[in-house]
$ cat query23.pdb   # PDB, C-alpha atoms, pLDDT in the B column
ATOM      1  CA  MET A  20      -8.141  11.060   3.174  1.00 54.00           C
ATOM      2  CA  ILE A  21      -6.712  14.562   3.275  1.00 54.00           C
ATOM      3  CA  ARG A  22      -9.262  17.297   3.966  1.00 56.00           C
ATOM      4  CA  ARG A  23     -10.154  19.657   1.155  1.00 56.00           C
ATOM      5  CA  GLU A  24      -9.238  22.843   3.008  1.00 54.00           C
ATOM      6  CA  ASN A  25      -5.848  21.414   3.973  1.00 53.00           C
ATOM      7  CA  MET A  26      -5.102  20.595   0.351  1.00 51.00           C
ATOM      8  CA  ILE A  27      -6.351  23.752  -1.325  1.00 51.00           C
ATOM      9  CA  GLU A  28      -5.439  26.606   1.015  1.00 52.00           C
ATOM     10  CA  PRO A  29      -1.606  26.178   1.073  1.00 47.00           C
ATOM     11  CA  MET A  30      -1.482  26.331  -2.731  1.00 49.00           C
ATOM     12  CA  PHE A  31      -2.769  29.858  -3.112  1.00 47.00           C
ATOM     13  CA  GLU A  32      -0.351  32.757  -3.274  1.00 44.00           C
ATOM     14  CA  PRO A  33      -1.987  35.684  -1.450  1.00 34.00           C
ATOM     15  CA  LYS A  34      -0.419  38.251  -3.756  1.00 33.00           C
ATOM     16  CA  ARG A  35      -1.820  36.565  -6.867  1.00 36.00           C
ATOM     17  CA  LEU A  36      -5.134  35.237  -5.626  1.00 34.00           C
ATOM     18  CA  ARG A  37      -7.759  37.092  -3.639  1.00 35.00           C
ATOM     19  CA  ALA A  38     -10.379  34.821  -2.071  1.00 35.00           C
ATOM     20  CA  LEU A  39     -13.793  36.365  -2.613  1.00 36.00           C
ATOM     21  CA  ASP A  40     -16.776  35.782  -0.321  1.00 39.00           C
ATOM     22  CA  GLY A  41     -18.128  32.729  -2.088  1.00 42.00           C
ATOM     23  CA  GLY A  42     -17.388  34.227  -5.493  1.00 47.00           C
ATOM     24  CA  ASN A  43     -20.202  34.333  -8.047  1.00 54.00           C
ATOM     25  CA  ARG A  44     -20.967  30.626  -8.155  1.00 52.00           C
ATOM     26  CA  ARG A  45     -24.673  31.294  -7.646  1.00 50.00           C
ATOM     27  CA  ASP A  46     -24.704  32.884 -11.114  1.00 58.00           C
ATOM     28  CA  LEU A  47     -23.229  29.757 -12.682  1.00 59.00           C
ATOM     29  CA  GLY A  48     -25.765  27.185 -11.547  1.00 63.00           C
ATOM     30  CA  ASP A  49     -25.169  23.949  -9.686  1.00 72.00           C
ATOM     31  CA  ASP A  50     -22.717  22.475 -12.180  1.00 82.00           C
ATOM     32  CA  PRO A  51     -20.145  24.980 -13.463  1.00 91.00           C
ATOM     33  CA  SER A  52     -18.299  24.002 -16.620  1.00 91.00           C
ATOM     34  CA  ASP A  53     -14.580  23.251 -16.715  1.00 92.00           C
ATOM     35  CA  GLU A  54     -14.005  26.622 -18.362  1.00 92.00           C
ATOM     36  CA  GLN A  55     -15.931  28.444 -15.636  1.00 92.00           C
ATOM     37  CA  ILE A  56     -14.004  26.658 -12.897  1.00 93.00           C
ATOM     38  CA  VAL A  57     -10.646  27.523 -14.465  1.00 93.00           C
ATOM     39  CA  ALA A  58     -11.692  31.154 -14.995  1.00 93.00           C
ATOM     40  CA  GLY A  59     -12.862  31.367 -11.385  1.00 92.00           C
ATOM     41  CA  LEU A  60      -9.622  29.853 -10.148  1.00 92.00           C
ATOM     42  CA  ILE A  61      -7.507  32.319 -12.094  1.00 92.00           C
ATOM     43  CA  ALA A  62      -9.689  35.163 -10.818  1.00 92.00           C
ATOM     44  CA  GLY A  63      -9.060  34.046  -7.255  1.00 90.00           C
ATOM     45  CA  GLU A  64     -12.633  32.999  -6.479  1.00 91.00           C
ATOM     46  CA  GLU A  65     -12.772  30.697  -3.473  1.00 89.00           C
ATOM     47  CA  TRP A  66     -15.679  28.601  -4.756  1.00 92.00           C
ATOM     48  CA  ALA A  67     -13.633  27.608  -7.830  1.00 92.00           C
ATOM     49  CA  ALA A  68     -10.938  25.917  -5.726  1.00 92.00           C
ATOM     50  CA  GLU A  69     -13.581  24.077  -3.723  1.00 92.00           C
ATOM     51  CA  VAL A  70     -15.462  22.860  -6.802  1.00 93.00           C
ATOM     52  CA  LEU A  71     -12.189  21.911  -8.485  1.00 94.00           C
ATOM     53  CA  TYR A  72     -11.247  19.707  -5.547  1.00 94.00           C
ATOM     54  CA  ASP A  73     -14.687  18.085  -5.325  1.00 93.00           C
ATOM     55  CA  ARG A  74     -14.674  17.338  -9.048  1.00 94.00           C
ATOM     56  CA  LEU A  75     -11.109  16.066  -9.346  1.00 95.00           C
ATOM     57  CA  GLN A  76     -10.467  14.305  -6.027  1.00 94.00           C
ATOM     58  CA  PRO A  77     -12.060  10.986  -7.155  1.00 94.00           C
ATOM     59  CA  VAL A  78     -10.105  10.855 -10.430  1.00 92.00           C
ATOM     60  CA  VAL A  79      -6.824  11.819  -8.736  1.00 94.00           C
ATOM     61  CA  ASP A  80      -7.418   9.144  -6.115  1.00 93.00           C
ATOM     62  CA  ARG A  81      -8.108   6.472  -8.766  1.00 89.00           C
ATOM     63  CA  ALA A  82      -5.077   7.433 -10.859  1.00 85.00           C
ATOM     64  CA  LEU A  83      -2.734   7.212  -7.875  1.00 87.00           C
ATOM     65  CA  ARG A  84      -4.136   3.899  -6.634  1.00 85.00           C
ATOM     66  CA  ARG A  85      -4.096   2.340 -10.114  1.00 79.00           C
ATOM     67  CA  ILE A  86      -0.312   2.772 -10.304  1.00 74.00           C
ATOM     68  CA  LEU A  87       0.825   2.739  -6.693  1.00 76.00           C
ATOM     69  CA  GLN A  88      -1.878   0.399  -5.322  1.00 70.00           C
ATOM     70  CA  SER A  89      -1.088   0.063  -1.613  1.00 63.00           C
ATOM     71  CA  ASN A  90       0.622   3.316  -0.763  1.00 66.00           C
ATOM     72  CA  ALA A  91       1.269   4.660   2.738  1.00 75.00           C
ATOM     73  CA  ASP A  92       2.094   8.062   1.224  1.00 82.00           C
ATOM     74  CA  HIS A  93      -1.193   8.376  -0.682  1.00 88.00           C
ATOM     75  CA  ASP A  94      -2.222  11.688   0.916  1.00 90.00           C
ATOM     76  CA  ASP A  95       1.192  13.203   0.234  1.00 90.00           C
ATOM     77  CA  GLN A  96       1.043  12.152  -3.408  1.00 91.00           C
ATOM     78  CA  ALA A  97      -2.495  13.545  -3.720  1.00 93.00           C
ATOM     79  CA  GLN A  98      -1.232  16.848  -2.325  1.00 93.00           C
ATOM     80  CA  VAL A  99       1.578  16.912  -4.898  1.00 94.00           C
ATOM     81  CA  ALA A 100      -0.872  16.073  -7.688  1.00 94.00           C
ATOM     82  CA  PHE A 101      -3.263  18.906  -6.760  1.00 95.00           C
ATOM     83  CA  GLU A 102      -0.389  21.356  -6.463  1.00 94.00           C
ATOM     84  CA  ARG A 103       0.713  20.462  -9.993  1.00 94.00           C
ATOM     85  CA  ILE A 104      -2.850  20.623 -11.312  1.00 95.00           C
ATOM     86  CA  ILE A 105      -3.472  24.090  -9.885  1.00 94.00           C
ATOM     87  CA  ARG A 106      -0.045  25.329 -10.969  1.00 93.00           C
ATOM     88  CA  THR A 107      -0.669  24.276 -14.575  1.00 92.00           C
ATOM     89  CA  LEU A 108      -4.103  25.901 -14.529  1.00 93.00           C
ATOM     90  CA  MET A 109      -2.760  29.136 -13.063  1.00 93.00           C
ATOM     91  CA  GLU A 110      -0.013  29.154 -15.696  1.00 91.00           C
ATOM     92  CA  ARG A 111      -2.745  28.734 -18.338  1.00 90.00           C
ATOM     93  CA  LYS A 112      -1.289  25.489 -19.667  1.00 88.00           C
ATOM     94  CA  PHE A 113      -4.744  23.913 -19.809  1.00 87.00           C
ATOM     95  CA  ALA A 114      -6.056  24.724 -23.288  1.00 82.00           C
ATOM     96  CA  GLY A 115      -9.392  22.953 -22.923  1.00 83.00           C
ATOM     97  CA  ALA A 116      -8.573  20.299 -25.519  1.00 82.00           C
ATOM     98  CA  CYS A 117      -9.668  17.674 -22.989  1.00 84.00           C
ATOM     99  CA  SER A 118     -11.755  17.668 -19.825  1.00 88.00           C
ATOM    100  CA  LEU A 119     -10.343  18.742 -16.469  1.00 92.00           C
ATOM    101  CA  SER A 120     -10.804  15.154 -15.287  1.00 91.00           C
ATOM    102  CA  THR A 121      -8.639  13.827 -18.116  1.00 88.00           C
ATOM    103  CA  TRP A 122      -6.044  16.544 -17.448  1.00 89.00           C
ATOM    104  CA  ALA A 123      -5.970  15.716 -13.749  1.00 91.00           C
ATOM    105  CA  THR A 124      -5.704  11.980 -14.430  1.00 87.00           C
ATOM    106  CA  ALA A 125      -2.634  12.524 -16.606  1.00 86.00           C
ATOM    107  CA  ILE A 126      -0.950  14.738 -13.990  1.00 89.00           C
ATOM    108  CA  ALA A 127      -1.761  12.367 -11.104  1.00 88.00           C
ATOM    109  CA  SER A 128      -0.450   9.431 -13.143  1.00 83.00           C
ATOM    110  CA  ASN A 129       2.831  11.263 -13.704  1.00 82.00           C
ATOM    111  CA  VAL A 130       3.084  11.969  -9.975  1.00 88.00           C
ATOM    112  CA  ALA A 131       2.500   8.275  -9.247  1.00 83.00           C
ATOM    113  CA  VAL A 132       5.108   7.155 -11.792  1.00 77.00           C
ATOM    114  CA  ASP A 133       7.647   9.600 -10.308  1.00 81.00           C
ATOM    115  CA  ALA A 134       6.962   8.186  -6.840  1.00 82.00           C
ATOM    116  CA  LEU A 135       7.244   4.643  -8.137  1.00 75.00           C
ATOM    117  CA  ARG A 136      10.587   5.328  -9.789  1.00 74.00           C
ATOM    118  CA  ALA A 137      11.892   6.891  -6.571  1.00 76.00           C
ATOM    119  CA  ARG A 138      10.765   3.802  -4.655  1.00 72.00           C
ATOM    120  CA  ILE A 139      12.541   1.540  -7.145  1.00 67.00           C
ATOM    121  CA  ARG A 140      15.768   3.552  -6.852  1.00 67.00           C
ATOM    122  CA  GLU A 141      15.628   3.357  -3.060  1.00 68.00           C
ATOM    123  CA  ARG A 142      15.032  -0.379  -3.161  1.00 62.00           C
ATOM    124  CA  ALA A 143      17.915  -0.849  -5.602  1.00 58.00           C
ATOM    125  CA  VAL A 144      20.265   0.814  -3.111  1.00 54.00           C
ATOM    126  CA  VAL A 145      19.011  -1.477  -0.331  1.00 51.00           C
ATOM    127  CA  TRP A 146      19.516  -4.583  -2.438  1.00 53.00           C
ATOM    128  CA  GLU A 147      22.975  -3.445  -3.469  1.00 53.00           C
ATOM    129  CA  ASP A 148      23.904  -3.096   0.203  1.00 52.00           C
ATOM    130  CA  ARG A 149      22.480  -6.545   0.945  1.00 52.00           C
ATOM    131  CA  ALA A 150      24.388  -8.061  -1.954  1.00 52.00           C
ATOM    132  CA  ARG A 151      27.637  -6.577  -0.673  1.00 54.00           C
ATOM    133  CA  GLY A 152      26.888  -7.956   2.789  1.00 53.00           C
ATOM    134  CA  ALA A 153      26.196 -11.410   1.383  1.00 53.00           C
ATOM    135  CA  GLU A 154      29.390 -11.240  -0.666  1.00 52.00           C
ATOM    136  CA  TYR A 155      31.376 -10.388   2.433  1.00 50.00           C
ATOM    137  CA  ALA A 156      29.695 -13.169   4.423  1.00 54.00           C
ATOM    138  CA  ALA A 157      30.653 -15.661   1.719  1.00 54.00           C
ATOM    139  CA  THR A 158      34.305 -14.795   2.184  1.00 53.00           C
ATOM    140  CA  VAL A 159      34.148 -15.612   5.889  1.00 51.00           C
ATOM    141  CA  SER A 160      34.731 -19.264   6.676  1.00 50.00           C
ATOM    142  CA  SER A 161      31.709 -20.806   8.347  1.00 51.00           C
ATOM    143  CA  GLY A 162      33.375 -24.112   9.119  1.00 52.00           C
ATOM    144  CA  ASN A 163      30.976 -25.909   6.797  1.00 64.00           C
ATOM    145  CA  LEU A 164      32.645 -25.963   3.408  1.00 62.00           C
ATOM    146  CA  GLU A 165      30.428 -28.789   2.168  1.00 64.00           C
ATOM    147  CA  ARG A 166      27.245 -26.805   2.785  1.00 65.00           C
ATOM    148  CA  GLN A 167      28.737 -23.746   1.068  1.00 64.00           C
ATOM    149  CA  LEU A 168      29.526 -25.821  -2.001  1.00 64.00           C
ATOM    150  CA  GLU A 169      26.014 -27.291  -2.008  1.00 67.00           C
ATOM    151  CA  ALA A 170      24.478 -23.808  -1.794  1.00 64.00           C
ATOM    152  CA  ARG A 171      26.591 -22.599  -4.701  1.00 67.00           C
ATOM    153  CA  ALA A 172      25.571 -25.623  -6.747  1.00 69.00           C
ATOM    154  CA  GLU A 173      21.894 -24.958  -5.996  1.00 69.00           C
ATOM    155  CA  ILE A 174      22.241 -21.317  -7.029  1.00 69.00           C
ATOM    156  CA  ALA A 175      23.979 -22.332 -10.253  1.00 70.00           C
ATOM    157  CA  GLU A 176      21.180 -24.822 -10.940  1.00 76.00           C
ATOM    158  CA  LEU A 177      18.568 -22.142 -10.352  1.00 76.00           C
ATOM    159  CA  HIS A 178      20.340 -19.773 -12.737  1.00 72.00           C
ATOM    160  CA  SER A 179      20.474 -22.527 -15.332  1.00 78.00           C
ATOM    161  CA  ILE A 180      16.737 -23.192 -15.026  1.00 83.00           C
ATOM    162  CA  LEU A 181      15.853 -19.511 -15.251  1.00 80.00           C
ATOM    163  CA  ALA A 182      18.089 -19.086 -18.289  1.00 80.00           C
ATOM    164  CA  SER A 183      16.223 -21.883 -20.068  1.00 83.00           C
ATOM    165  CA  MET A 184      12.788 -20.371 -19.372  1.00 87.00           C
ATOM    166  CA  ASP A 185      10.806 -17.748 -21.245  1.00 89.00           C
ATOM    167  CA  ALA A 186      12.805 -14.552 -20.728  1.00 85.00           C
ATOM    168  CA  SER A 187       9.858 -12.383 -19.684  1.00 88.00           C
ATOM    169  CA  GLN A 188       8.646 -14.933 -17.131  1.00 89.00           C
ATOM    170  CA  ALA A 189      12.130 -15.471 -15.698  1.00 86.00           C
ATOM    171  CA  GLU A 190      12.686 -11.719 -15.417  1.00 83.00           C
ATOM    172  CA  THR A 191       9.382 -11.259 -13.578  1.00 88.00           C
ATOM    173  CA  VAL A 192      10.132 -14.063 -11.113  1.00 87.00           C
ATOM    174  CA  LEU A 193      13.561 -12.590 -10.389  1.00 80.00           C
ATOM    175  CA  LEU A 194      12.224  -9.065  -9.935  1.00 80.00           C
ATOM    176  CA  HIS A 195       9.443 -10.189  -7.604  1.00 84.00           C
ATOM    177  CA  ASP A 196      10.834 -13.132  -5.637  1.00 82.00           C
ATOM    178  CA  VAL A 197      14.524 -12.202  -5.521  1.00 74.00           C
ATOM    179  CA  HIS A 198      14.665  -8.413  -5.687  1.00 69.00           C
ATOM    180  CA  GLY A 199      11.418  -7.778  -3.831  1.00 76.00           C
ATOM    181  CA  HIS A 200       9.641  -5.511  -6.330  1.00 78.00           C
ATOM    182  CA  ASP A 201       5.855  -5.472  -6.195  1.00 81.00           C
ATOM    183  CA  LEU A 202       3.704  -5.956  -9.285  1.00 86.00           C
ATOM    184  CA  SER A 203       3.191  -2.244  -9.957  1.00 81.00           C
ATOM    185  CA  GLU A 204       6.943  -1.671  -9.934  1.00 76.00           C
ATOM    186  CA  ILE A 205       7.532  -4.675 -12.210  1.00 82.00           C
ATOM    187  CA  ALA A 206       4.897  -3.366 -14.620  1.00 83.00           C
ATOM    188  CA  LEU A 207       6.760  -0.050 -14.833  1.00 75.00           C
ATOM    189  CA  ILE A 208      10.172  -1.685 -15.239  1.00 75.00           C
ATOM    190  CA  THR A 209       9.062  -4.140 -17.927  1.00 81.00           C
ATOM    191  CA  ARG A 210       6.597  -1.756 -19.615  1.00 81.00           C
ATOM    192  CA  VAL A 211       3.531  -3.981 -19.305  1.00 86.00           C
ATOM    193  CA  SER A 212       0.253  -3.734 -17.414  1.00 88.00           C
ATOM    194  CA  VAL A 213      -0.010  -4.889 -13.806  1.00 87.00           C
ATOM    195  CA  ALA A 214      -2.299  -7.719 -14.955  1.00 91.00           C
ATOM    196  CA  ALA A 215       0.301  -8.878 -17.492  1.00 93.00           C
ATOM    197  CA  ALA A 216       3.051  -8.761 -14.854  1.00 91.00           C
ATOM    198  CA  GLN A 217       0.912 -10.858 -12.492  1.00 93.00           C
ATOM    199  CA  SER A 218       0.221 -13.391 -15.245  1.00 95.00           C
ATOM    200  CA  ARG A 219       3.930 -13.678 -16.034  1.00 94.00           C
ATOM    201  CA  LEU A 220       4.717 -14.181 -12.351  1.00 94.00           C
ATOM    202  CA  VAL A 221       2.168 -16.966 -11.925  1.00 95.00           C
ATOM    203  CA  ARG A 222       3.211 -18.761 -15.118  1.00 95.00           C
ATOM    204  CA  GLY A 223       6.894 -18.226 -14.381  1.00 93.00           C
ATOM    205  CA  ARG A 224       6.648 -19.744 -10.902  1.00 92.00           C
ATOM    206  CA  LYS A 225       4.789 -22.778 -12.224  1.00 94.00           C
ATOM    207  CA  GLU A 226       7.348 -23.294 -14.976  1.00 93.00           C
ATOM    208  CA  LEU A 227      10.249 -22.883 -12.548  1.00 90.00           C
ATOM    209  CA  LEU A 228       8.802 -25.521 -10.208  1.00 90.00           C
ATOM    210  CA  ARG A 229       8.072 -27.880 -13.102  1.00 91.00           C
ATOM    211  CA  ARG A 230      11.601 -27.685 -14.441  1.00 88.00           C
ATOM    212  CA  ALA A 231      13.110 -27.927 -10.967  1.00 85.00           C
ATOM    213  CA  ARG A 232      11.162 -31.139 -10.284  1.00 85.00           C
ATOM    214  CA  ILE A 233      12.356 -32.621 -13.568  1.00 84.00           C
ATOM    215  CA  ARG A 234      15.988 -31.834 -12.785  1.00 76.00           C
ATOM    216  CA  LEU A 235      15.717 -33.064  -9.207  1.00 69.00           C
ATOM    217  CA  GLY A 236      14.160 -36.286 -10.414  1.00 67.00           C
ATOM    218  CA  ARG A 237      16.903 -36.648 -12.959  1.00 58.00           C
ATOM    219  CA  SER A 238      19.653 -36.162 -10.356  1.00 52.00           C
ATOM    220  CA  SER A 239      18.097 -38.460  -7.692  1.00 48.00           C
TER     221      SER A 239
END

$ encode --input "query23.pdb" --output "structure tokens"
Amino acid sequence: MIRRENMIEPMFEPKRLRALDGGNRRDLGDDPSDEQIVAGLIAGEEWAAEVLYDRLQPVVDRALRRILQSNADHDDQAQVAFERIIRTLMERKFAGACSLSTWATAIASNVAVDALRARIRERAVVWEDRARGAEYAATVSSGNLERQLEARAEIAELHSILASMDASQAETVLLHDVHGHDLSEIALITRVSVAAAQSRLVRGRKELLRRARIRLGRSS
């Protein structure tokens, strides 16, 4: 987990914010309100940034993990989220219509979705390169024409089975097992929850195997 001082200090612009010696937090009690924290932050009081981080770090962490799940860049995304949160507060975009926690959750979720979309775009480029490589390989004679024909027949059969299945289940199986997207990415692409994407994947795999067994039995 990224340390609080490493996350907060780089965000402050010295010309706009003047860190006071502890600020006046002692006059606000042990649990300053959202409004007091925002006012302290705008005034450049050091305690406000520290309290803001302590209050929002758990909700930012949950929002990022809910969308990105396993994420090697979690600390980087948390840094981006806090930068956006503080920027919006400094620009007085927070009107107090919701809590700071709700505000931070929305911003962190947007950061996570942006990261997820970037990951999907990168993966699409990789798969496009792989597809071109496979296409080139198919044009090179391997000396085993019979096996090539069998492979093409199997692929055609698979396409036929998928086309006859429930469209949402077939799409999920293709995205996960062929294109390599994880469940959080599939949920974003297909506009469903991660749980719904997982359910479609499980049901889709079972249906694919069931239909494949029927066709194999029919052809044997």

$ atom_distance --input "query23.pdb" --atom1 "atom CA of A:Tyr72" --atom2 "atom CA of A:Arg138"
27.2 Å

$ atom_distance --input "query23.pdb" --atom1 "atom CA of A:Ala189" --atom2 "atom CA of A:Leu228"
11.9 Å

$ atom_distance --input "query23.pdb" --atom1 "atom CA of A:Ala100" --atom2 "atom CA of A:Ile126"
6.4 Å

$ residues_around --input "query23.pdb" --residues "stretch 211-220 of chain A" --least-positions-apart "5" --cutoff "9 Å" --atoms "all atoms listed in the file" --output "JSON, numbers by chain"
{"A": [86, 187, 188, 189, 190, 191, 192, 195, 202, 203, 204, 205, 206, 225]}

$ write_last_selection --input "query23.pdb" --atoms "C-alpha atoms" --output "PDB file, in the coordinates of the input"
ATOM      1  CA  ILE A  86      -0.312   2.772 -10.304  1.00 74.00           C
ATOM      2  CA  SER A 187       9.858 -12.383 -19.684  1.00 88.00           C
ATOM      3  CA  GLN A 188       8.646 -14.933 -17.131  1.00 89.00           C
ATOM      4  CA  ALA A 189      12.130 -15.471 -15.698  1.00 86.00           C
ATOM      5  CA  GLU A 190      12.686 -11.719 -15.417  1.00 83.00           C
ATOM      6  CA  THR A 191       9.382 -11.259 -13.578  1.00 88.00           C
ATOM      7  CA  VAL A 192      10.132 -14.063 -11.113  1.00 87.00           C
ATOM      8  CA  HIS A 195       9.443 -10.189  -7.604  1.00 84.00           C
ATOM      9  CA  LEU A 202       3.704  -5.956  -9.285  1.00 86.00           C
ATOM     10  CA  SER A 203       3.191  -2.244  -9.957  1.00 81.00           C
ATOM     11  CA  GLU A 204       6.943  -1.671  -9.934  1.00 76.00           C
ATOM     12  CA  ILE A 205       7.532  -4.675 -12.210  1.00 82.00           C
ATOM     13  CA  ALA A 206       4.897  -3.366 -14.620  1.00 83.00           C
ATOM     14  CA  LYS A 225       4.789 -22.778 -12.224  1.00 94.00           C
TER      15      LYS A 225
END

$ closest_residue --input "query23.pdb" --among "A:Arg111, A:Trp66, A:Leu193, A:Ser52" --to "A:Leu227" --atoms "all atoms listed in the file"
A:Leu193

$ build_atoms --input "query23.pdb" --residues "stretch 186-199 of chain A" --atoms "N, CA and C atoms" --output "PDB file, in the coordinates of the input"
ATOM      1  N   ALA A 186      12.046 -15.664 -21.312  1.00 85.00           N
ATOM      2  CA  ALA A 186      12.805 -14.552 -20.728  1.00 85.00           C
ATOM      3  C   ALA A 186      11.920 -13.615 -19.899  1.00 85.00           C
ATOM      4  N   SER A 187      10.725 -13.321 -20.406  1.00 88.00           N
ATOM      5  CA  SER A 187       9.858 -12.383 -19.684  1.00 88.00           C
ATOM      6  C   SER A 187       9.375 -12.976 -18.369  1.00 88.00           C
ATOM      7  N   GLN A 188       9.088 -14.284 -18.362  1.00 89.00           N
ATOM      8  CA  GLN A 188       8.646 -14.933 -17.131  1.00 89.00           C
ATOM      9  C   GLN A 188       9.790 -15.013 -16.116  1.00 89.00           C
ATOM     10  N   ALA A 189      10.973 -15.372 -16.590  1.00 86.00           N
ATOM     11  CA  ALA A 189      12.130 -15.471 -15.698  1.00 86.00           C
ATOM     12  C   ALA A 189      12.464 -14.109 -15.091  1.00 86.00           C
ATOM     13  N   GLU A 190      12.399 -13.063 -15.903  1.00 83.00           N
ATOM     14  CA  GLU A 190      12.686 -11.719 -15.417  1.00 83.00           C
ATOM     15  C   GLU A 190      11.692 -11.315 -14.330  1.00 83.00           C
ATOM     16  N   THR A 191      10.415 -11.625 -14.549  1.00 88.00           N
ATOM     17  CA  THR A 191       9.382 -11.259 -13.578  1.00 88.00           C
ATOM     18  C   THR A 191       9.569 -11.998 -12.258  1.00 88.00           C
ATOM     19  N   VAL A 192       9.886 -13.284 -12.330  1.00 87.00           N
ATOM     20  CA  VAL A 192      10.132 -14.063 -11.113  1.00 87.00           C
ATOM     21  C   VAL A 192      11.316 -13.494 -10.343  1.00 87.00           C
ATOM     22  N   LEU A 193      12.374 -13.157 -11.043  1.00 80.00           N
ATOM     23  CA  LEU A 193      13.561 -12.590 -10.389  1.00 80.00           C
ATOM     24  C   LEU A 193      13.245 -11.247  -9.727  1.00 80.00           C
ATOM     25  N   LEU A 194      12.539 -10.390 -10.465  1.00 80.00           N
ATOM     26  CA  LEU A 194      12.224  -9.065  -9.935  1.00 80.00           C
ATOM     27  C   LEU A 194      11.343  -9.152  -8.688  1.00 80.00           C
ATOM     28  N   HIS A 195      10.394 -10.088  -8.714  1.00 84.00           N
ATOM     29  CA  HIS A 195       9.443 -10.189  -7.604  1.00 84.00           C
ATOM     30  C   HIS A 195       9.990 -11.000  -6.437  1.00 84.00           C
ATOM     31  N   ASP A 196      10.478 -12.206  -6.715  1.00 82.00           N
ATOM     32  CA  ASP A 196      10.834 -13.132  -5.637  1.00 82.00           C
ATOM     33  C   ASP A 196      12.259 -12.950  -5.125  1.00 82.00           C
ATOM     34  N   VAL A 197      13.130 -12.386  -5.942  1.00 74.00           N
ATOM     35  CA  VAL A 197      14.524 -12.202  -5.521  1.00 74.00           C
ATOM     36  C   VAL A 197      14.777 -10.753  -5.102  1.00 74.00           C
ATOM     37  N   HIS A 198      14.359  -9.819  -5.951  1.00 69.00           N
ATOM     38  CA  HIS A 198      14.665  -8.413  -5.687  1.00 69.00           C
ATOM     39  C   HIS A 198      13.581  -7.702  -4.881  1.00 69.00           C
ATOM     40  N   GLY A 199      12.432  -8.335  -4.718  1.00 76.00           N
ATOM     41  CA  GLY A 199      11.418  -7.778  -3.831  1.00 76.00           C
ATOM     42  C   GLY A 199      10.536  -6.695  -4.404  1.00 76.00           C
TER      43      GLY A 199
END
